[in-house]
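A.B. asks: Input query_12.pdb, format and content: PDB, C-alpha atoms.
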MODEL        1
ATOM      1  CA  ASN X1007     181.128  65.733  -8.284
ATOM      2  CA  ALA X1008     180.357  69.313  -7.337
ATOM      3  CA  GLY X1009     177.811  68.104  -4.761
ATOM      4  CA  VAL X1010     175.100  70.622  -3.853
ATOM      5  CA  THR X1011     175.657  74.101  -5.234
ATOM      6  CA  GLN X1012     173.742  77.249  -4.361
ATOM      7  CA  THR X1013     173.694  80.640  -6.024
ATOM      8  CA  PRO X1014     174.020  83.427  -5.167
ATOM      9  CA  LYS X1015     176.151  83.308  -2.000
ATOM     10  CA  PHE X1016     174.895  86.690  -0.836
ATOM     11  CA  GLN X1017     171.892  88.802  -1.831
ATOM     12  CA  VAL X1018     170.357  92.057  -0.654
ATOM     13  CA  LEU X1019     166.751  92.793  -1.594
ATOM     14  CA  LYS X1020     164.338  95.607  -0.944
ATOM     15  CA  THR X1021     160.951  94.886   0.589
ATOM     16  CA  GLY X1022     158.533  93.743  -2.087
ATOM     17  CA  GLN X1023     161.124  92.538  -4.575
ATOM     18  CA  SER X1024     161.059  88.984  -5.830
ATOM     19  CA  MET X1025     163.944  86.672  -6.542
ATOM     20  CA  THR X1026     164.895  83.050  -7.059
ATOM     21  CA  LEU X1027     167.506  81.178  -5.075
ATOM     22  CA  GLN X1028     169.115  78.464  -7.159
ATOM     23  CA  CYS X1029     170.017  74.977  -5.970
ATOM     24  CA  ALA X1030     171.541  72.214  -8.071
ATOM     25  CA  GLN X1031     172.979  68.778  -7.352
ATOM     26  CA  ASP X1032     174.879  66.412  -9.616
ATOM     27  CA  MET X1033     174.450  63.233  -7.568
ATOM     28  CA  ASN X1034     171.145  62.130  -9.139
ATOM     29  CA  HIS X1035     169.417  62.491  -5.776
ATOM     30  CA  GLU X1036     165.644  62.258  -5.697
ATOM     31  CA  TYR X1037     165.069  64.045  -2.376
ATOM     32  CA  MET X1038     165.767  67.782  -2.231
ATOM     33  CA  SER X1039     164.790  70.375   0.338
ATOM     34  CA  TRP X1040     165.107  73.994   1.373
ATOM     35  CA  TYR X1041     165.748  75.233   4.924
ATOM     36  CA  ARG X1042     166.139  78.637   6.463
ATOM     37  CA  GLN X1043     168.287  79.397   9.482
ATOM     38  CA  ASP X1044     167.774  82.537  11.505
ATOM     39  CA  PRO X1045     170.596  83.820  13.752
ATOM     40  CA  GLY X1046     171.271  81.518  16.708
ATOM     41  CA  MET X1047     168.528  79.087  15.681
ATOM     42  CA  GLY X1048     168.287  75.647  14.193
ATOM     43  CA  LEU X1049     167.214  75.034  10.608
ATOM     44  CA  ARG X1050     163.535  75.102   9.649
ATOM     45  CA  LEU X1051     162.191  73.259   6.627
ATOM     46  CA  ILE X1052     160.493  75.413   3.977
ATOM     47  CA  HIS X1053     159.657  72.995   1.132
ATOM     48  CA  TYR X1054     160.824  69.615  -0.037
ATOM     49  CA  SER X1055     160.596  67.380  -3.087
ATOM     50  CA  VAL X1056     160.789  63.595  -3.419
ATOM     51  CA  GLY X1057     161.324  63.676  -7.169
ATOM     52  CA  ALA X1058     160.792  65.657 -10.352
ATOM     53  CA  GLY X1059     157.273  67.072 -10.487
ATOM     54  CA  ILE X1060     156.574  66.426  -6.781
ATOM     55  CA  THR X1061     156.832  69.064  -4.076
ATOM     56  CA  ASP X1062     155.398  69.463  -0.599
ATOM     57  CA  GLN X1063     155.329  72.029   2.175
ATOM     58  CA  GLY X1064     157.521  71.963   5.213
ATOM     59  CA  GLU X1065     157.284  73.797   8.508
ATOM     60  CA  VAL X1066     157.467  77.415   7.220
ATOM     61  CA  PRO X1067     156.268  77.545   3.560
ATOM     62  CA  ASN X1068     154.466  80.905   3.545
ATOM     63  CA  GLY X1069     155.992  83.456   1.173
ATOM     64  CA  TYR X1070     157.958  80.866  -0.796
ATOM     65  CA  ASN X1071     157.280  78.822  -3.933
ATOM     66  CA  VAL X1072     159.175  75.865  -5.364
ATOM     67  CA  SER X1073     159.062  73.712  -8.453
ATOM     68  CA  ARG X1074     161.007  70.625  -9.511
ATOM     69  CA  SER X1075     161.077  70.248 -13.266
ATOM     70  CA  THR X1076     164.330  68.251 -13.316
ATOM     71  CA  THR X1077     166.069  65.897 -10.909
ATOM     72  CA  GLU X1078     169.069  68.229 -10.686
ATOM     73  CA  ASP X1079     167.464  71.594  -9.898
ATOM     74  CA  PHE X1080     165.213  72.824  -7.093
ATOM     75  CA  PRO X1081     164.807  76.635  -7.173
ATOM     76  CA  LEU X1082     163.218  78.571  -4.317
ATOM     77  CA  ARG X1083     161.209  81.667  -5.239
ATOM     78  CA  LEU X1084     160.526  84.541  -2.885
ATOM     79  CA  LEU X1085     157.333  86.127  -4.178
ATOM     80  CA  SER X1086     157.438  89.488  -2.378
ATOM     81  CA  ALA X1087     160.392  89.786  -0.020
ATOM     82  CA  ALA X1088     159.818  90.905   3.563
ATOM     83  CA  PRO X1089     162.360  91.795   6.300
ATOM     84  CA  SER X1090     161.214  88.668   8.183
ATOM     85  CA  GLN X1091     162.728  86.601   5.369
ATOM     86  CA  THR X1092     166.219  87.824   6.198
ATOM     87  CA  SER X1093     168.006  84.566   6.874
ATOM     88  CA  VAL X1094     170.548  82.043   5.624
ATOM     89  CA  TYR X1095     169.014  79.571   3.205
ATOM     90  CA  PHE X1096     170.324  76.036   2.813
ATOM     91  CA  CYS X1097     169.479  73.515   0.150
ATOM     92  CA  ALA X1098     169.969  69.786   0.751
ATOM     93  CA  SER X1099     169.661  66.568  -1.205
ATOM     94  CA  SER X1100     169.807  62.843  -0.548
ATOM     95  CA  TYR X1101     169.621  59.525  -2.321
ATOM     96  CA  GLY X1102     166.155  58.017  -2.462
ATOM     97  CA  ASP X1103     162.842  59.653  -1.686
ATOM     98  CA  THR X1104     163.136  59.857   2.094
ATOM     99  CA  THR X1105     165.325  61.613   4.643
ATOM    100  CA  TYR X1106     166.642  58.331   6.081
ATOM    101  CA  ASN X1107     169.756  58.577   3.935
ATOM    102  CA  GLU X1108     172.562  61.058   4.499
ATOM    103  CA  GLN X1109     171.497  64.584   3.595
ATOM    104  CA  PHE X1110     174.100  66.658   1.711
ATOM    105  CA  PHE X1111     173.821  70.387   2.358
ATOM    106  CA  GLY X1112     174.915  73.250   0.161
ATOM    107  CA  PRO X1113     177.043  76.165   1.419
ATOM    108  CA  GLY X1114     174.048  78.465   1.885
ATOM    109  CA  THR X1115     172.749  81.773   0.565
ATOM    110  CA  ARG X1116     172.783  84.706   2.947
ATOM    111  CA  LEU X1117     169.771  86.919   2.210
ATOM    112  CA  THR X1118     169.121  90.366   3.640
ATOM    113  CA  VAL X1119     165.805  92.118   3.034
ATOM    114  CA  LEU X1120     165.786  95.840   3.737
TER     115      LEU X1120
ATOM    116  CA  ASP R1049     156.452  65.936  15.708
ATOM    117  CA  ALA R1050     158.642  64.108  18.196
ATOM    118  CA  LYS R1051     161.088  66.471  19.864
ATOM    119  CA  THR R1052     164.566  66.214  21.283
ATOM    120  CA  THR R1053     166.205  67.930  24.241
ATOM    121  CA  GLN R1054     169.913  68.751  24.234
ATOM    122  CA  PRO R1055     172.132  70.904  26.459
ATOM    123  CA  ASN R1056     172.733  74.325  24.952
ATOM    124  CA  SER R1057     176.503  74.047  25.192
ATOM    125  CA  MET R1058     179.335  71.784  26.305
ATOM    126  CA  GLU R1059     183.078  72.146  26.663
ATOM    127  CA  SER R1060     185.786  69.610  26.049
ATOM    128  CA  ASN R1061     189.554  69.458  26.053
ATOM    129  CA  GLU R1062     191.352  68.556  22.883
ATOM    130  CA  GLU R1063     192.148  64.846  22.463
ATOM    131  CA  GLU R1064     189.667  63.840  25.177
ATOM    132  CA  PRO R1065     186.420  61.921  24.573
ATOM    133  CA  VAL R1066     183.171  63.852  24.392
ATOM    134  CA  HIS R1067     179.717  62.519  25.214
ATOM    135  CA  LEU R1068     176.854  64.594  23.824
ATOM    136  CA  PRO R1069     173.482  63.603  25.326
ATOM    137  CA  CYS R1070     170.046  63.775  23.744
ATOM    138  CA  ASN R1071     166.664  63.037  25.303
ATOM    139  CA  HIS R1072     163.752  61.991  23.119
ATOM    140  CA  SER R1073     161.130  60.556  25.442
ATOM    141  CA  THR R1074     158.305  60.776  22.842
ATOM    142  CA  ILE R1075     160.149  58.821  20.146
ATOM    143  CA  SER R1076     157.959  56.508  18.107
ATOM    144  CA  GLY R1077     158.897  52.983  17.100
ATOM    145  CA  THR R1078     159.772  53.929  13.532
ATOM    146  CA  ASP R1079     161.774  57.099  14.219
ATOM    147  CA  TYR R1080     165.462  56.931  13.397
ATOM    148  CA  ILE R1081     167.896  58.946  15.517
ATOM    149  CA  HIS R1082     170.101  61.119  13.316
ATOM    150  CA  TRP R1083     172.986  63.390  14.285
ATOM    151  CA  TYR R1084     174.209  66.257  12.161
ATOM    152  CA  ARG R1085     176.751  68.917  12.974
ATOM    153  CA  GLN R1086     177.243  72.426  11.680
ATOM    154  CA  LEU R1087     180.674  73.976  11.589
ATOM    155  CA  PRO R1088     180.834  77.793  11.710
ATOM    156  CA  SER R1089     179.525  79.441   8.519
ATOM    157  CA  GLN R1090     178.823  76.100   6.825
ATOM    158  CA  GLY R1091     175.830  73.935   6.057
ATOM    159  CA  PRO R1092     175.115  70.973   8.325
ATOM    160  CA  GLU R1093     176.927  67.701   7.714
ATOM    161  CA  TYR R1094     175.817  64.177   8.510
ATOM    162  CA  VAL R1095     177.508  62.475  11.459
ATOM    163  CA  ILE R1096     175.727  59.214  12.226
ATOM    164  CA  HIS R1097     172.322  57.603  12.629
ATOM    165  CA  GLY R1098     170.721  54.546  14.212
ATOM    166  CA  LEU R1099     167.435  52.890  15.095
ATOM    167  CA  THR R1100     167.922  50.555  18.045
ATOM    168  CA  SER R1101     171.478  49.242  18.128
ATOM    169  CA  ASN R1102     174.644  51.171  18.865
ATOM    170  CA  VAL R1103     176.439  52.351  15.734
ATOM    171  CA  ASN R1104     180.042  53.219  14.919
ATOM    172  CA  ASN R1105     181.550  55.006  11.953
ATOM    173  CA  ARG R1106     184.770  56.844  11.192
ATOM    174  CA  MET R1107     183.490  60.054  12.750
ATOM    175  CA  ALA R1108     181.732  58.954  15.931
ATOM    176  CA  SER R1109     179.756  56.370  17.859
ATOM    177  CA  LEU R1110     176.078  56.468  18.716
ATOM    178  CA  ALA R1111     174.869  54.810  21.905
ATOM    179  CA  ILE R1112     171.093  54.299  22.095
ATOM    180  CA  ALA R1113     169.331  53.517  25.363
ATOM    181  CA  GLU R1114     167.443  50.248  25.535
ATOM    182  CA  ASP R1115     164.094  52.070  25.832
ATOM    183  CA  ARG R1116     165.200  54.455  23.008
ATOM    184  CA  LYS R1117     164.205  57.496  25.064
ATOM    185  CA  SER R1118     167.728  58.852  25.022
ATOM    186  CA  SER R1119     170.938  58.583  23.045
ATOM    187  CA  THR R1120     174.536  59.762  23.267
ATOM    188  CA  LEU R1121     176.872  60.840  20.504
ATOM    189  CA  ILE R1122     180.452  59.948  21.356
ATOM    190  CA  LEU R1123     183.461  61.644  19.807
ATOM    191  CA  HIS R1124     186.391  59.478  20.824
ATOM    192  CA  ARG R1125     189.114  62.133  20.630
ATOM    193  CA  ALA R1126     187.922  65.699  20.210
ATOM    194  CA  THR R1127     189.931  67.937  17.933
ATOM    195  CA  LEU R1128     189.673  71.683  17.405
ATOM    196  CA  ARG R1129     187.948  70.919  14.120
ATOM    197  CA  ASP R1130     185.101  69.241  16.036
ATOM    198  CA  ALA R1131     183.965  72.586  17.469
ATOM    199  CA  ALA R1132     180.468  72.891  16.039
ATOM    200  CA  VAL R1133     176.764  72.796  16.830
ATOM    201  CA  TYR R1134     175.573  69.195  17.079
ATOM    202  CA  TYR R1135     171.946  68.443  16.282
ATOM    203  CA  CYS R1136     170.085  65.350  17.467
ATOM    204  CA  ILE R1137     167.110  64.711  15.179
ATOM    205  CA  LEU R1138     164.259  62.208  15.193
ATOM    206  CA  ASN R1139     163.750  61.210  11.595
ATOM    207  CA  ALA R1140     160.383  59.862  10.463
ATOM    208  CA  GLY R1141     161.525  59.685   6.850
ATOM    209  CA  ASN R1142     159.877  62.666   5.195
ATOM    210  CA  MET R1143     161.648  65.629   6.801
ATOM    211  CA  LEU R1144     164.331  66.559   9.305
ATOM    212  CA  THR R1145     163.254  68.757  12.218
ATOM    213  CA  PHE R1146     166.209  70.588  13.730
ATOM    214  CA  GLY R1147     166.133  71.799  17.325
ATOM    215  CA  GLY R1148     168.595  74.206  18.884
ATOM    216  CA  GLY R1149     171.431  71.699  19.138
ATOM    217  CA  THR R1150     174.453  71.629  21.445
ATOM    218  CA  ARG R1151     177.317  74.012  20.824
ATOM    219  CA  LEU R1152     180.539  72.091  21.481
ATOM    220  CA  MET R1153     183.584  74.124  22.373
ATOM    221  CA  VAL R1154     186.976  72.394  22.270
ATOM    222  CA  LYS R1155     189.838  73.822  24.301
ATOM    223  CA  PRO R1156     193.442  73.273  23.190
TER     224      PRO R1156
ENDMDL
END
For this file, write the structure as structure tokens.
C.D. replies:
Amino acid sequence: NAGVTQTPKFQVLKTGQSMTLQCAQDMNHEYMSWYRQDPGMGLRLIHYSVGAGITDQGEVPNGYNVSRSTTEDFPLRLLSAAPSQTSVYFCASSYGDTTYNEQFFGPGTRLTVL
Amino acid sequence: DAKTTQPNSMESNEEEPVHLPCNHSTISGTDYIHWYRQLPSQGPEYVIHGLTSNVNNRMASLAIAEDRKSSTLILHRATLRDAAVYYCILNAGNMLTFGGGTRLMVKP
């Protein structure tokens, strides 16, 4: 199993550009989520999904969209990038539709918005 | 959301036990206590979790106070590879809320 994969590893955007961060898992996990981590801080939840076709907002959803058309993929869309969205983004997945089970995290995408 | 309080940083010597404390005085009856750690430049990884009873696994032990208002993660023999930020999280089942964590430094 590849586990949780994220692409790209690094990205530089200009203010106002849009882009999609990709996240995929091959473990047939129902629960998937996106976090951002600013320098020296803990992770903050952006959006999560408990299964295909179901998404919900986390702690900091503004400026981001998600969709879950398949079990495997959970892309995160930045609609109009802002410097405040400069961060490291982590995707995670787990078995079942709750966070009680072990969460598996991807390696992260480091995003810089100029 | 229920919150946790952890020391910002701790130091340990290699091959000695480490006790990482966590206070969670507002824990509700259905919150699980989860611990994750984050090695430098990596995503977090699961360490251990429990509800009321003490728990052991290959990585660590989790000691939970009888009133559940505090817990302690125990690394039995710290290695250099255990240097990381350790997060204590109260888990209500729908999302994980990370605090600042404890940065553990391990001295050779």
A.B. asks: If you apply the ChimeraX specification (/X :<9) & /R to this file, what residues do you get, as a CSV table (one decimal) with C-alpha atoms, keeping the file's coordinate frame?
C.D. replies:
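In the end it all went to out.csv:
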chain,number,residue,atom,x,y,z
R,1080,TYR,CA,165.5,56.9,13.4
R,1082,HIS,CA,170.1,61.1,13.3
R,1089,SER,CA,179.5,79.4,8.5
R,1090,GLN,CA,178.8,76.1,6.8
R,1091,GLY,CA,175.8,73.9,6.1
R,1092,PRO,CA,175.1,71.0,8.3
R,1093,GLU,CA,176.9,67.7,7.7
R,1094,TYR,CA,175.8,64.2,8.5
R,1095,VAL,CA,177.5,62.5,11.5
R,1096,ILE,CA,175.7,59.2,12.2
R,1097,HIS,CA,172.3,57.6,12.6
R,1135,TYR,CA,171.9,68.4,16.3
R,1139,ASN,CA,163.8,61.2,11.6
R,1140,ALA,CA,160.4,59.9,10.5
R,1141,GLY,CA,161.5,59.7,6.8
R,1142,ASN,CA,159.9,62.7,5.2
R,1143,MET,CA,161.6,65.6,6.8
R,1144,LEU,CA,164.3,66.6,9.3
R,1145,THR,CA,163.3,68.8,12.2
R,1146,PHE,CA,166.2,70.6,13.7
R,1147,GLY,CA,166.1,71.8,17.3
R,1148,GLY,CA,168.6,74.2,18.9
R,1149,GLY,CA,171.4,71.7,19.1
A.B. asks: Could you check the closest approach to Asn1034 in chain X for each of X:Gly1009, X:Gly1022, X:Pro1089, X:Gly1069 and tell me which residue wins, using all atoms listed in the file?
C.D. replies: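 Checking each of X:Gly1009, X:Gly1022, X:Pro1089, X:Gly1069 against Asn1034 in chain X, counting all atoms listed in the file, the winner is X:Gly1009.
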A.B. asks: What gap, in Å, lies between CA of Ala1132 in chain R and CA of Met1153 in chain R?
C.D. replies: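 For CA of Ala1132 in chain R relative to CA of Met1153 in chain R, the distance reads 7.2 Å.
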A.B. asks: So how far away is CA of His1124 in chain R from CA of Val1103 in chain R, in Å?
C.D. replies: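 Atom-to-atom, CA of Val1103 in chain R to CA of His1124 in chain R, that is 13.3 Å.
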A.B. asks: Carefully work through the PyMOL selection byres ((chain R and resi 1121) around 9) for this structure and note down the residues it includes, as a PDB file with C-alpha atoms, in the coordinates of the input.
C.D. replies:
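Saved the output as result06.pdb:
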ATOM      1  CA  VAL R1066     183.171  63.852  24.392  1.00  0.00           C
ATOM      2  CA  HIS R1067     179.717  62.519  25.214  1.00  0.00           C
ATOM      3  CA  LEU R1068     176.854  64.594  23.824  1.00  0.00           C
ATOM      4  CA  PRO R1069     173.482  63.603  25.326  1.00  0.00           C
ATOM      5  CA  CYS R1070     170.046  63.775  23.744  1.00  0.00           C
ATOM      6  CA  TRP R1083     172.986  63.390  14.285  1.00  0.00           C
ATOM      7  CA  ILE R1096     175.727  59.214  12.226  1.00  0.00           C
ATOM      8  CA  ALA R1108     181.732  58.954  15.931  1.00  0.00           C
ATOM      9  CA  SER R1109     179.756  56.370  17.859  1.00  0.00           C
ATOM     10  CA  LEU R1110     176.078  56.468  18.716  1.00  0.00           C
ATOM     11  CA  ALA R1111     174.869  54.810  21.905  1.00  0.00           C
ATOM     12  CA  ILE R1112     171.093  54.299  22.095  1.00  0.00           C
ATOM     13  CA  SER R1119     170.938  58.583  23.045  1.00  0.00           C
ATOM     14  CA  THR R1120     174.536  59.762  23.267  1.00  0.00           C
ATOM     15  CA  ILE R1122     180.452  59.948  21.356  1.00  0.00           C
ATOM     16  CA  LEU R1123     183.461  61.644  19.807  1.00  0.00           C
ATOM     17  CA  CYS R1136     170.085  65.350  17.467  1.00  0.00           C
TER      18      CYS R1136
END
A.B. asks: Between CA of Asn1071 in chain X and CA of Leu1085 in chain X, what distance in Å does the model show, to one decimal?
C.D. replies: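 So the two atoms, CA of Asn1071 in chain X and CA of Leu1085 in chain X, lie 7.3 Å apart.
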A.B. asks: I need the residue nearest Thr1011 in chain X from this list: X:Val1066, X:Asp1079, X:Thr1118, X:Gly1057. Use all atoms listed in the file for the distance.
C.D. replies: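 Going through X:Val1066, X:Asp1079, X:Thr1118, X:Gly1057 one by one, the smallest distance to Thr1011 in chain X is for X:Asp1079.
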A.B. asks: Running the PyMOL selection byres ((chain X and resi 1117) around 8) on this model by hand, what would come out? Give it as a PDB file with C-alpha atoms, in the frame of the given file.
C.D. replies:
ATOM      1  CA  PHE X1016     174.895  86.690  -0.836  1.00  0.00           C
ATOM      2  CA  GLN X1017     171.892  88.802  -1.831  1.00  0.00           C
ATOM      3  CA  VAL X1018     170.357  92.057  -0.654  1.00  0.00           C
ATOM      4  CA  LEU X1019     166.751  92.793  -1.594  1.00  0.00           C
ATOM      5  CA  GLN X1091     162.728  86.601   5.369  1.00  0.00           C
ATOM      6  CA  THR X1092     166.219  87.824   6.198  1.00  0.00           C
ATOM      7  CA  SER X1093     168.006  84.566   6.874  1.00  0.00           C
ATOM      8  CA  VAL X1094     170.548  82.043   5.624  1.00  0.00           C
ATOM      9  CA  TYR X1095     169.014  79.571   3.205  1.00  0.00           C
ATOM     10  CA  THR X1115     172.749  81.773   0.565  1.00  0.00           C
ATOM     11  CA  ARG X1116     172.783  84.706   2.947  1.00  0.00           C
ATOM     12  CA  THR X1118     169.121  90.366   3.640  1.00  0.00           C
ATOM     13  CA  VAL X1119     165.805  92.118   3.034  1.00  0.00           C
TER      14      VAL X1119
END
A.B. asks: Restricting the calculation to only C-alpha atoms, which member of R:Gly1098, R:Asn1105, R:Ile1137, R:Thr1127 is positioned closest to Asn1071 in chain R?
C.D. replies: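 The answer is R:Ile1137, which sits nearest to Asn1071 in chain R.
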A.B. asks: Generate the coordinates of N, CA, C and O atoms for range 1069-1080 of chain R; report them as a short mmCIF file (atom, residue, chain, number, x, y, z; two decimals), in the coordinates of the input.
C.D. replies:
data_model
loop_
_atom_site.label_atom_id
_atom_site.label_comp_id
_atom_site.auth_asym_id
_atom_site.auth_seq_id
_atom_site.Cartn_x
_atom_site.Cartn_y
_atom_site.Cartn_z
N PRO R 1069 174.74 64.30 25.05
CA PRO R 1069 173.48 63.60 25.33
C PRO R 1069 172.31 64.18 24.55
O PRO R 1069 172.30 65.35 24.17
N CYS R 1070 171.29 63.34 24.39
CA CYS R 1070 170.05 63.78 23.74
C CYS R 1070 168.89 62.98 24.34
O CYS R 1070 168.95 61.75 24.41
N ASN R 1071 167.87 63.69 24.80
CA ASN R 1071 166.66 63.04 25.30
C ASN R 1071 165.56 63.13 24.27
O ASN R 1071 165.34 64.20 23.67
N HIS R 1072 164.87 62.02 24.08
CA HIS R 1072 163.75 61.99 23.12
C HIS R 1072 162.71 61.03 23.65
O HIS R 1072 162.48 59.95 23.09
N SER R 1073 162.04 61.45 24.72
CA SER R 1073 161.13 60.56 25.44
C SER R 1073 159.87 60.22 24.64
O SER R 1073 159.20 59.23 24.93
N THR R 1074 159.52 61.04 23.62
CA THR R 1074 158.30 60.78 22.84
C THR R 1074 158.61 60.08 21.51
O THR R 1074 157.77 60.07 20.61
N ILE R 1075 159.76 59.48 21.40
CA ILE R 1075 160.15 58.82 20.15
C ILE R 1075 159.17 57.72 19.81
O ILE R 1075 158.67 57.00 20.68
N SER R 1076 158.84 57.59 18.53
CA SER R 1076 157.96 56.51 18.11
C SER R 1076 158.81 55.34 17.60
O SER R 1076 160.00 55.48 17.36
N GLY R 1077 158.17 54.20 17.44
CA GLY R 1077 158.90 52.98 17.10
C GLY R 1077 159.62 53.02 15.76
O GLY R 1077 160.58 52.29 15.56
N THR R 1078 159.17 53.89 14.87
CA THR R 1078 159.77 53.93 13.53
C THR R 1078 160.70 55.12 13.32
O THR R 1078 161.26 55.28 12.24
N ASP R 1079 160.87 55.95 14.35
CA ASP R 1079 161.77 57.10 14.22
C ASP R 1079 163.23 56.65 14.28
O ASP R 1079 163.62 55.95 15.22
N TYR R 1080 164.02 57.10 13.32
CA TYR R 1080 165.46 56.93 13.40
C TYR R 1080 166.05 58.12 14.16
O TYR R 1080 165.50 59.21 14.15
#
